[in-house]
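Asker: Let me begin by handing over the structure; questions about it come next.
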Amino acid sequence: MTTRRLLPLLLLAPLALAFSPDDRPTTAADANLSKIKLPAGFTISYFAQGVKSARELALGPDGTIYVGTKDDKVYALPDRNKDGRADEVVTVATGLNAPNGVAVRNGALYVAEINRVVRYDNIAKTLKQKPKPVVVYNKLPNKDWHGYKYISFGPDGKLYIPVGAPCNSCEPEEPIFGTINRMNADGTAFETVAKGVRNTVGFDWSPVDKAMWFTDNGRDQLGDNLPADELNRLPAPGLHFGFPYFFAGDVADPELSAGKSAGTYTAPARKLGPHVAALGMKFYTGKQFPAQYRNQIFIPEHGSWNRSTKIGYRISLVKLDASGKQATSYETFAEGWLQGKTSWGRPVCLLQLPDGSLLLSDDQNDAVYRISYKG
């Protein structure tokens with residue numbers, strides 16, 4: 001290379017060094033946000049970036065957001081000045097076994113790994129000190145397939161935790177597979193509340209009657225349009241939702257349904273899109289959004305892989321009737337993470353903030369977004 005050709009590169013070098021690595025991706029990523037389509041009056045912005053494999057979200061009593069991952073870390077996102085953007089990304093813990101699930105209770109952070117639940121006490125004061133975990137429950141199967149856990153404390157004060165099926169479709173090896181369970185906050189009194197659940201990574205409780213609702217992912221390898229993912233309602237413990245014999249209420253497993261009747265099992269409250277991978281749903285109870293969204297269900301759809309044409313990669317909205325028991329419609333609320341055949345982001349989990357805005361995690365774009373309404 002001649003001196004004349006090298007000189008412009010040398011002159012540009014100080015300019016390149018003036019921008020940190022964090023500045024450069026922000027420009028490109030913000031351009032992606034302009035691709036997101038929302039109803040009139042809504043806006044989306046970054047709450048945090050650089051949160052690798054961001055999955056479930058939980059709110060601490062001081063306003064700090066905790067983020068589980070499918071990696072080995074748990075993060076904290078403090079927003080001390082309440083400007084709608086995290087001040088920093090703090091690594092709370094490392095070396096964990098896919099700590100997807102997070103929940104906060106009485107000042108402690110609960111983290112669900114594939115095979116156990118641990119607790120970090122007094123987390124607000126210790127999050128930068130790499131606190132040591134207390135084991136709450138360590139009797140969960142150590143199976144990676146559908147092993148990511150979503151956890152939450154229910155209205156009864158118990159910690160709810162699912163155990164997905166270790167297969168596409170199969171007779172469970174042990175009764176614990178394909179279930180939703182609950183236990184006391186100290187790990188005692190573990191019990192199963194729902195069976196026949198292939199893989200739920202999202203649930204919430206109705207603000208109307210406290211019934212549990214959850215998403216469930218249907219099996220693969222039955223074609224593009226079968227079966228639908230499910231939105232289910234669990235008004236009381238003890239129901240069976242069909243796995244592995246029936247999916248979406250009426251789609252029979254070709255190998256395992258012989259001698260079984262679909263009517264034996266609980267049908268979904270609403271069929272969702274096929275293979276959309278519906279995940280961390282949330283009832284909206286805030287006052288920032290218009291009144292028609294109150295007590296309705298928002299569902300992040302992580303996006304299909306077992307389909308010739310991709311779908312999902314969006315947030316859907318399921319509207320309920322006045323009783324809060326019947327789903328009346330299913331529509332797209334936010335989309336744009338899928339552009340043609342290529343996705344740049346995959347929505348995972350929602351969390352409502354005290355001001356009524358919603359946070360959304362994205363494990364492809366390594367980000368947490370904030371969706372707000374300004375009218």
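Following the order of the structure tokens, chains are lettered A, B, ..., residues in each are numbered from 1, and ligands are numbered from 1.
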Where in range 201-303 of chain A does DSSP assign helix (DSSP H, G or I), given as a ChimeraX atom specification?

Answerer: /A:262-264,291-293

Asker: Could you turn the residues from that selection into a file that holds all heavy atoms, as a CSV table (one decimal), in the first residue's frame?

Answerer:
```
chain,number,residue,atom,x,y,z
A,262,ALA,N,-60.2,-37.2,22.8
A,262,ALA,CA,-59.9,-35.8,23.0
A,262,ALA,C,-60.7,-35.2,24.1
A,262,ALA,O,-60.3,-34.3,24.8
A,262,ALA,CB,-60.0,-35.1,21.7
A,263,GLY,N,-62.0,-35.7,24.2
A,263,GLY,CA,-62.9,-35.1,25.2
A,263,GLY,C,-62.5,-35.4,26.6
A,263,GLY,O,-63.0,-34.7,27.5
A,264,THR,N,-61.5,-36.3,26.8
A,264,THR,CA,-61.1,-36.6,28.2
A,264,THR,C,-60.2,-35.4,28.7
A,264,THR,O,-60.1,-35.3,30.0
A,264,THR,CB,-60.2,-37.9,28.1
A,264,THR,OG1,-61.0,-38.9,27.5
A,264,THR,CG2,-59.8,-38.3,29.5
A,291,ALA,N,-58.0,2.1,27.8
A,291,ALA,CA,-58.8,1.2,28.7
A,291,ALA,C,-59.1,-0.1,28.0
A,291,ALA,O,-59.3,-1.1,28.7
A,291,ALA,CB,-60.1,1.9,29.0
A,292,GLN,N,-59.1,-0.2,26.7
A,292,GLN,CA,-59.5,-1.4,26.0
A,292,GLN,C,-58.4,-2.5,26.2
A,292,GLN,O,-58.7,-3.7,25.9
A,292,GLN,CB,-59.8,-1.2,24.5
A,292,GLN,CG,-58.6,-0.8,23.7
A,292,GLN,CD,-58.6,0.7,23.5
A,292,GLN,OE1,-59.1,1.5,24.4
A,292,GLN,NE2,-58.2,1.2,22.3
A,293,TYR,N,-57.3,-2.2,26.7
A,293,TYR,CA,-56.2,-3.2,26.9
A,293,TYR,C,-56.2,-3.7,28.3
A,293,TYR,O,-55.5,-4.7,28.6
A,293,TYR,CB,-54.8,-2.5,26.6
A,293,TYR,CG,-54.6,-2.2,25.1
A,293,TYR,CD1,-54.8,-0.9,24.7
A,293,TYR,CD2,-54.4,-3.2,24.2
A,293,TYR,CE1,-54.6,-0.6,23.3
A,293,TYR,CE2,-54.2,-2.9,22.8
A,293,TYR,CZ,-54.3,-1.5,22.4
A,293,TYR,OH,-54.2,-1.2,21.1
```

Asker: I need the strand (DSSP E or B) residues of range 20-249 of chain A per DSSP on the backbone, written as a PyMOL selection string.

Answerer: chain A and resi 37+42-49+54-59+65-69+74-77+90-93+101-105+108-112+117-120+134-137+152-153+159-163+179-183+191-195+203-205+212-216+228-234+239-240+246-247

Asker: Point out the residue among A:Val118, A:Ala124, A:Val193, A:Leu360 with the least atom-to-atom distance to Pro61 in chain A, counting only C-alpha atoms.

Answerer: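 Closest candidate: A:Ala124.
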
Asker: Could you work out how far CA of Ala165 in chain A lies from CA of Arg105 in chain A, giving the answer in Å with one decimal?

Answerer: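 We find that CA of Arg105 in chain A and CA of Ala165 in chain A lie 27.9 Å from each other.
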
Asker: Let me make sure I understand: among A:Asn365, A:Asn138, A:Asn199, A:Asn217, which one has the smallest atom-to-atom distance to Asp186 in chain A if we use only C-alpha atoms?

Answerer: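 Of A:Asn365, A:Asn138, A:Asn199, A:Asn217, the one nearest Asp186 in chain A is A:Asn138, counting only C-alpha atoms.
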
Asker: Using only C-alpha atoms, can you tell me which of A:Asp224, A:Asp253, A:Asp156, A:Asp366 comes closest to Pro274 in chain A?

Answerer: A:Asp224

Asker: At what distance in Å, to one decimal, does CA of Phe298 in chain A lie from CA of Ala267 in chain A?

Answerer: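 These two atoms are separated by 20.1 Å.
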
Asker: Pick from A:Asn225, A:Phe214, A:Tyr265, A:Gly280: nearest to Arg307 in chain A, with only C-alpha atoms counted?

Answerer: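 For Arg307 in chain A, the nearest of the given residues is A:Asn225.
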
Asker: Fewer than 6 positions away in the same chain doesn't count, so skip those; otherwise give me all residues within 9 Å of Asp209 in chain A, counting only C-alpha atoms, as a ChimeraX atom specification.

Answerer: /A:235,323-325

Asker: Using the selection just defined, write its residues with N, CA, C and O atoms as a PDB file, in the first residue's frame.

Answerer:
```
ATOM      1  N   PRO A 235     -58.437 -23.015  36.089  1.00  0.00           N
ATOM      2  CA  PRO A 235     -59.195 -22.406  37.186  1.00  0.00           C
ATOM      3  C   PRO A 235     -58.957 -23.084  38.527  1.00  0.00           C
ATOM      4  O   PRO A 235     -59.182 -22.471  39.578  1.00  0.00           O
ATOM      5  N   SER A 323     -66.349 -11.385  31.552  1.00  0.00           N
ATOM      6  CA  SER A 323     -66.200 -12.353  32.628  1.00  0.00           C
ATOM      7  C   SER A 323     -64.738 -12.691  32.897  1.00  0.00           C
ATOM      8  O   SER A 323     -64.406 -13.221  33.967  1.00  0.00           O
ATOM      9  N   GLY A 324     -63.859 -12.394  31.925  1.00  0.00           N
ATOM     10  CA  GLY A 324     -62.460 -12.739  32.049  1.00  0.00           C
ATOM     11  C   GLY A 324     -62.175 -14.210  31.852  1.00  0.00           C
ATOM     12  O   GLY A 324     -61.056 -14.667  32.088  1.00  0.00           O
ATOM     13  N   LYS A 325     -63.160 -14.964  31.373  1.00  0.00           N
ATOM     14  CA  LYS A 325     -63.006 -16.412  31.227  1.00  0.00           C
ATOM     15  C   LYS A 325     -62.973 -16.874  29.777  1.00  0.00           C
ATOM     16  O   LYS A 325     -62.492 -17.971  29.494  1.00  0.00           O
TER      17      LYS A 325
END
```

Asker: Restricting the calculation to only C-alpha atoms, which member of A:Lys319, A:His275, A:Lys287, A:Lys52 is positioned closest to Ala248 in chain A?

Answerer: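 The answer is A:His275, which sits nearest to Ala248 in chain A.
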
Asker: Env of Tyr120 in chain A: 6 Å cut, atoms = only C-alpha atoms, seq-sep filter 5 positions within chain, self excluded. Answer as a ChimeraX atom specification.

Answerer: /A:108-109,133

Asker: Find the residues near range 327-339 of chain A: any atom within 10 Å, counting only C-alpha atoms, skip ones fewer than 5 places away on the same chain, and give them as number ranges by chain.

Answerer: A: 32-39, 42, 44, 231, 268-273, 296-303, 310-322, 344-347, 362, 364-365, 371

Asker: Any chance you can output those residues with C-alpha atoms as a short mmCIF file (atom, residue, chain, number, x, y, z; two decimals), in the first residue's frame?

Answerer:
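New file again26.cif:
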```cif
data_model
loop_
_atom_site.label_atom_id
_atom_site.label_comp_id
_atom_site.auth_asym_id
_atom_site.auth_seq_id
_atom_site.Cartn_x
_atom_site.Cartn_y
_atom_site.Cartn_z
CA ASN A 32 -34.12 -1.78 13.63
CA LEU A 33 -36.59 -0.27 16.08
CA SER A 34 -38.06 1.81 13.27
CA LYS A 35 -39.18 -1.47 11.70
CA ILE A 36 -41.48 -2.29 14.63
CA LYS A 37 -45.15 -1.61 13.89
CA LEU A 38 -47.35 -0.72 16.87
CA PRO A 39 -50.88 0.67 17.21
CA PHE A 42 -47.48 3.48 21.18
CA ILE A 44 -40.85 1.30 21.59
CA LEU A 231 -53.39 -20.45 25.48
CA PRO A 268 -57.31 -24.66 25.13
CA ALA A 269 -59.01 -21.37 25.92
CA ARG A 270 -57.67 -20.12 22.60
CA LYS A 271 -55.75 -21.67 19.72
CA LEU A 272 -52.77 -19.55 18.69
CA GLY A 273 -50.68 -19.67 15.52
CA GLN A 296 -56.28 -8.41 28.35
CA ILE A 297 -53.43 -10.82 27.54
CA PHE A 298 -50.23 -9.89 25.70
CA ILE A 299 -48.20 -12.82 24.36
CA PRO A 300 -44.62 -12.66 23.01
CA GLU A 301 -44.22 -15.12 20.14
CA HIS A 302 -40.61 -16.22 19.88
CA GLY A 303 -41.06 -17.41 16.31
CA LYS A 310 -41.66 -18.34 9.34
CA ILE A 311 -44.36 -16.81 11.55
CA GLY A 312 -44.42 -15.32 15.02
CA TYR A 313 -41.56 -12.99 15.98
CA ARG A 314 -44.16 -10.57 17.35
CA ILE A 315 -46.37 -9.69 20.31
CA SER A 316 -49.95 -10.89 20.03
CA LEU A 317 -53.00 -9.71 21.92
CA VAL A 318 -55.77 -12.02 23.12
CA LYS A 319 -58.91 -10.18 24.20
CA LEU A 320 -61.25 -11.62 26.82
CA ASP A 321 -64.92 -10.99 27.50
CA ALA A 322 -66.20 -9.16 30.58
CA TRP A 344 -33.25 -9.68 13.79
CA GLY A 345 -34.97 -10.26 17.13
CA ARG A 346 -37.08 -12.82 19.00
CA PRO A 347 -39.52 -11.64 21.71
CA ASP A 362 -35.27 -10.43 23.27
CA GLN A 364 -31.62 -12.84 19.73
CA ASN A 365 -30.98 -9.09 19.82
CA ILE A 371 -43.21 -0.17 25.16
#
```

Asker: Name the closest residue to Asn106 in chain A among the candidates A:Val201, A:Val163, A:Ala185, A:Ile151; distances are taken between atoms, counting only C-alpha atoms.

Answerer: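 Closest residue, counting only C-alpha atoms: A:Ala185.
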
Asker: Residues near Val89 in chain A, anyone? I mean within 10 Å using only C-alpha atoms, not counting same-chain ones fewer than 4 positions away, as a list of chain:residue names.

Answerer: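 So the residues in contact are A:Ala48, A:Gln49, A:Gly50, A:Val51, A:Ile65, A:Tyr66, A:Val67, A:Tyr75, A:Ala76, A:Leu77, A:Pro78.
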